[in-house]
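Here the structure comes first, spelled out in structure tokens, and everything after it is commentary.
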There are 2 protein chains.
Amino acid sequence: MEQPPPDAGSGARVLVVDDDPTVAEIVTGYLDRAGYVVDRAGDGPDALARAAAHRPDLVVLDLMLPGMDGLEVCRRMRGHGPVPVIMLTARGDEDDRILGLEVGADDYVTKPFSPRELVLRVESVLRRSRPAPAASALLRAAGLAVDPAARRATKHGGELSLTMREFDLLAFFMRNPGRAYAREELMREVWGWDFGDLSTVTVHVRRLRGKVEDDPARPRLIQTVWGVGYRFDPAFGEG
Amino acid sequence: MEQPPPDAGSGARVLVVDDDPTVAEIVTGYLDRAGYVVDRAGDGPDALARAAAHRPDLVVLDLMLPGMDGLEVCRRMRGHGPVPVIMLTARGDEDDRILGLEVGADDYVTKPFSPRELVLRVESVLRRSRPAPAASALLRAAGLAVDPAARRATKHGGELSLTMREFDLLAFFMRNPGRAYAREELMREVWGWDFGDLSTVTVHVRRLRGKVEDDPARPRLIQTVWGVGYRFDPAFGEG
DNA sequence: CGGCTCCTTACGAAACACGGACGTCGGCGA
DNA sequence: TCGCCGACGTCCGTGTTTCGTAAGGAGCCG
């Protein structure tokens with residue numbers, strides 16, 4: 001039958017604000033078919049009331065509204081919470097775009113627009129406005145969090161300032177916990193060298209311990225394996 | 001990098017779907033003279049096959065087709081990708097217009113129509129659908145707003161005057177916040193070069209900081225990741 | 001206790017980022 | 001046409017950060 005993109009709306013709430021019933025009707029129809037839950041408002045005060053009541057995930061807002069200006073509506077909505085807004089502006093009205101930009105619209109569509117384009121924009125803005133969770137590439141263990149992409153590490157939520165080598169070393173340990181590594185292996189894996197003074201590894205392990213361990217004098221996370229090397233042991237870190 | 005000349009047809013591919021050879025012939029002729037590369041199909045299945053094979057930039061679709069309905073054709077085409085569609089409908093058949101728009105047509109032309117009008121519609125729809133995939137929406141973070149389409153940026157509502165490189169750099173950062181990028185990556189992503197003096201990146205980051213940071217001497221938004229590169233960090237911009 | 005291993009500290013060298021300045025190129029107005 | 005100006009890429013001097021190594025002391029094991 002009629003099959004909108006399966007991943008599309010997924011029930012996100014959209015508030016359409018336009019005083020022209022025809023436009024509102026068509027836009028609403030499109031968004032509805034795309035899988036969104038659509039609410040409608042015909043003027044500014046109505047829009048604010050519905051926004052407050054329904055907490056939409058996104059607002060499609062006509063710039064030209066009777067009574068209260070679209071910009072004002074946008075501003076007030078933003079005052080209540082960070083809801084994404086797509087502005088509908090007259091074609092080529094450069095000033096309006098800039099105003100929308102400054103007031104806090106997340107996108108604008110110039111009239112006349114194709115409803116399809118509007119749906120694409122809605123999807124795009126929604127997709128962009130919720131990248132909050134994600135972070136699957138995060139390495140977590142023992143109160144530590146390491147984000148290789150951002151090259152950032154935290155300990156109990158507090159930012160750790162690690163040097164490049166320290167970061168690489170910690171990241172390697174957290175990717176391979178519980179196993180003992182000889183200094184030579186660490187030198188190969190972290191430094192990328194096949195030879196070199198192994199005390200280099202020792203020193204860096206010590207520096208890393210100083211920043212990561214609760215009590216660097218009695219290391220728990222990075223344990224010394226006598227005669228072998230080191231082992232990252234997150235089990236004893238929680239404390 | 002820049003768009004091709006706004007010259008009319010400029011080789012865009014258009015698929016004309018009509019079972020009436022006379023209509024198809026005239027339309028094809030006009031579009032051909034307007035500079036488009038035109039393909040023709042006489043029925044639904046033929047249209048779908050050619051659309052799949054030739055990937056047209058736009059489809060002119062007769063609503064009334066033998067065998068498969070034009071609406072159905074439109075739906076199926078949409079299932080394969082976001083191709084713009086102009087519907088040909090009988091005059092005054094209001095229901096058809098609505099149906100066409102709901103199914104995803106970007107415009108419609110009522111029969112009888114002048115071929116010249118159709119060409120104008122084609123141009124219009126192509127012009128409208130072009131920025132949709134290419135240009136992206138507004139980027140905002142940390143009191144900054146960047147409009148890639150208008151090539152404008154503001155900071156706390158105030159206009160920023162950025163050079164081309166500065167703008168591209170900032171836009172890239174705002175599209176990819178929180179991740180650390182090596183100078184090589186920035187050079188590749190922003191400059192589009194795979195070589196070149198990396199200090200160029202350093203210098204432009206400094207210039208951008210001078211315009212974007214509250215205290216350029218102690219950057220918060222664009223942070224230096226020592227030994228690696230830079231990271232755009234909107235989290236610290238608001239406070 | 002002896003030998004080996006690991007820890008700790010210190011230091012010089014190298015790598016790195018930064019700011020300032022310069023030369024070139026192209027656009028624009030006089 | 002000439003001259004000015006902005007954008008851009010490059011280069012250099014400087015201050016800072018990081019790194020690798022050396023050396024002495026402490027710890028572990030038999």
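Going through the structure tokens in order, the chains are called A, B, and so on, while each chain numbers its residues from 1 and the ligands are numbered from 1 in the order shown.
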Next item on the list: Would you kindly report the residues of chain B within 6 Å of chain A, using only C-alpha atoms, as a list in words?
Entry: Asp106, Ala137, Leu138, Gly157, Gly178, Arg179 and Ala180 of chain B
Next item on the list: Using only C-alpha atoms (C1' of nucleotides), determine which residues of chain D fall within 9 Å of chain A; present them as a list in words.
Entry: DT18, DC19, DG20, DT21 and DC28 of chain D
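Non-sequential neighbours of stretch 2-5 of chain C (distance at most 12 Å, separation of 2 or more positions within a chain, only C-alpha atoms (C1' of nucleotides)) are Ser199, Thr202, Thr224, Val225, Trp226, Gly227, Val228 and Gly229 of chain A; DC7 of chain C; DA26, DG27, DC28, DC29 and DG30 of chain D.
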Provide as a short mmCIF file (atom, residue, chain, number, x, y, z; two decimals) with N, CA and C atoms (P, O5', C5', C4', C3', O3' and C1' of nucleotides), in the first residue's frame the residues of chain C at most 12 Å from chain B, counting only C-alpha atoms (C1' of nucleotides).
data_model
loop_
_atom_site.label_atom_id
_atom_site.label_comp_id
_atom_site.auth_asym_id
_atom_site.auth_seq_id
_atom_site.Cartn_x
_atom_site.Cartn_y
_atom_site.Cartn_z
P DA C 15 62.43 16.12 16.18
"O5'" DA C 15 60.95 16.45 16.66
"C5'" DA C 15 60.36 15.62 17.65
"C4'" DA C 15 59.05 16.23 18.12
"C3'" DA C 15 58.20 16.81 16.99
"O3'" DA C 15 56.87 16.37 17.14
"C1'" DA C 15 58.59 18.46 18.65
P DC C 16 55.84 16.70 16.02
"O5'" DC C 16 55.10 17.96 16.63
"C5'" DC C 16 54.69 17.92 18.00
"C4'" DC C 16 54.25 19.29 18.45
"C3'" DC C 16 53.43 20.06 17.42
"O3'" DC C 16 52.09 20.14 17.88
"C1'" DC C 16 55.02 21.45 18.57
P DA C 17 50.95 20.72 16.98
"O5'" DA C 17 50.73 22.17 17.57
"C5'" DA C 17 50.46 22.31 18.95
"C4'" DA C 17 50.52 23.77 19.36
"C3'" DA C 17 49.65 24.69 18.50
"O3'" DA C 17 48.91 25.54 19.36
"C1'" DA C 17 51.89 25.47 18.55
P DC C 18 47.83 26.51 18.76
"O5'" DC C 18 48.55 27.94 18.83
"C5'" DC C 18 49.22 28.31 20.03
"C4'" DC C 18 50.07 29.53 19.78
"C3'" DC C 18 49.40 30.61 18.93
"O3'" DC C 18 49.23 31.78 19.72
"C1'" DC C 18 51.65 30.23 18.24
P DG C 19 48.11 32.84 19.34
"O5'" DG C 19 48.98 34.10 18.90
"C5'" DG C 19 49.98 34.58 19.77
"C4'" DG C 19 51.02 35.33 18.97
"C3'" DG C 19 50.44 36.40 18.03
"O3'" DG C 19 50.97 37.67 18.42
"C1'" DG C 19 52.01 35.03 16.90
P DG C 20 50.48 38.97 17.72
"O5'" DG C 20 51.64 39.22 16.66
"C5'" DG C 20 53.00 39.17 17.07
"C4'" DG C 20 53.90 39.29 15.86
"C3'" DG C 20 53.44 40.34 14.84
"O3'" DG C 20 54.48 41.29 14.63
"C1'" DG C 20 53.90 38.25 13.78
#
Next item on the list: Using DSSP on the backbone coordinates, identify the residues of stretch 183-220 of chain B assigned to alpha helix (DSSP H); present them as a ChimeraX atom specification.
Entry: /B:183-186,199-212
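The coordinates place atom CA of B:Pro177 at 26.2 Å from atom CA of A:Lys211.
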Margin query: Neighbouring residues of C:DG26 were defined as those with any atom within 12 Å, considering only C-alpha atoms (C1' of nucleotides); residues of the same chain fewer than 3 positions away were excluded. Please report them as a count of residues only.
Written below: 4
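All residues of protein, DNA or RNA that reach within 7 Å of stretch 49-66 of chain A, judged by only C-alpha atoms (C1' of nucleotides) and not counting those fewer than 4 positions away in the chain, are Ala12, Arg13, Val14, Leu15, Val16, Val17, Asp18, Asp19, Asp43, Gly44, Pro45, Gly70, Leu71, Val83, Pro84, Val85, Ile86, Met87, Leu88 and Thr89 of chain A.
Considering only C-alpha atoms (C1' of nucleotides), the residue among A:Gly210, A:Glu189, A:Ala24, A:Val146 positioned nearest to C:DT8 is A:Gly210.
If you count only C-alpha atoms (C1' of nucleotides) and ignore residues fewer than 3 places along the chain from C:DG29, what sits within 12 Å of it is DC2, DG3, DC4 and DC5 of chain D.
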Next item on the list: Among the residues of stretch 194-228 of chain B, find those DSSP assigns to strand (DSSP E) from the backbone and print them as a PyMOL selection string.
Entry: chain B and resi 222-225
Could you please take those selected residues and save all heavy atoms as an mmCIF file, in the first residue's frame?
data_model
loop_
_atom_site.group_PDB
_atom_site.id
_atom_site.type_symbol
_atom_site.label_atom_id
_atom_site.label_comp_id
_atom_site.auth_asym_id
_atom_site.auth_seq_id
_atom_site.Cartn_x
_atom_site.Cartn_y
_atom_site.Cartn_z
ATOM 1 N N ILE B 222 37.418 26.244 19.734
ATOM 2 C CA ILE B 222 38.347 25.469 18.915
ATOM 3 C C ILE B 222 39.559 25.151 19.770
ATOM 4 O O ILE B 222 40.439 25.981 19.962
ATOM 5 C CB ILE B 222 38.772 26.250 17.669
ATOM 6 C CG1 ILE B 222 37.528 26.689 16.890
ATOM 7 C CG2 ILE B 222 39.667 25.390 16.793
ATOM 8 C CD1 ILE B 222 37.840 27.541 15.697
ATOM 9 N N GLN B 223 39.590 23.946 20.264
ATOM 10 C CA GLN B 223 40.652 23.567 21.180
ATOM 11 C C GLN B 223 41.787 22.865 20.461
ATOM 12 O O GLN B 223 41.579 22.128 19.500
ATOM 13 C CB GLN B 223 40.087 22.664 22.270
ATOM 14 C CG GLN B 223 39.096 23.394 23.156
ATOM 15 C CD GLN B 223 38.895 22.696 24.473
ATOM 16 O OE1 GLN B 223 38.886 21.481 24.527
ATOM 17 N NE2 GLN B 223 38.726 23.469 25.523
ATOM 18 N N THR B 224 42.960 23.100 20.959
ATOM 19 C CA THR B 224 44.124 22.437 20.402
ATOM 20 C C THR B 224 44.289 21.072 21.055
ATOM 21 O O THR B 224 44.263 20.957 22.266
ATOM 22 C CB THR B 224 45.391 23.265 20.659
ATOM 23 O OG1 THR B 224 45.229 24.542 20.064
ATOM 24 C CG2 THR B 224 46.598 22.569 20.094
ATOM 25 N N VAL B 225 44.423 20.057 20.239
ATOM 26 C CA VAL B 225 44.737 18.724 20.749
ATOM 27 C C VAL B 225 46.196 18.474 20.422
ATOM 28 O O VAL B 225 46.553 18.221 19.284
ATOM 29 C CB VAL B 225 43.839 17.657 20.096
ATOM 30 C CG1 VAL B 225 44.110 16.301 20.708
ATOM 31 C CG2 VAL B 225 42.377 18.026 20.267
#
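One finds atom CA of A:Asp39 at 16.0 Å from atom CA of A:Val73.
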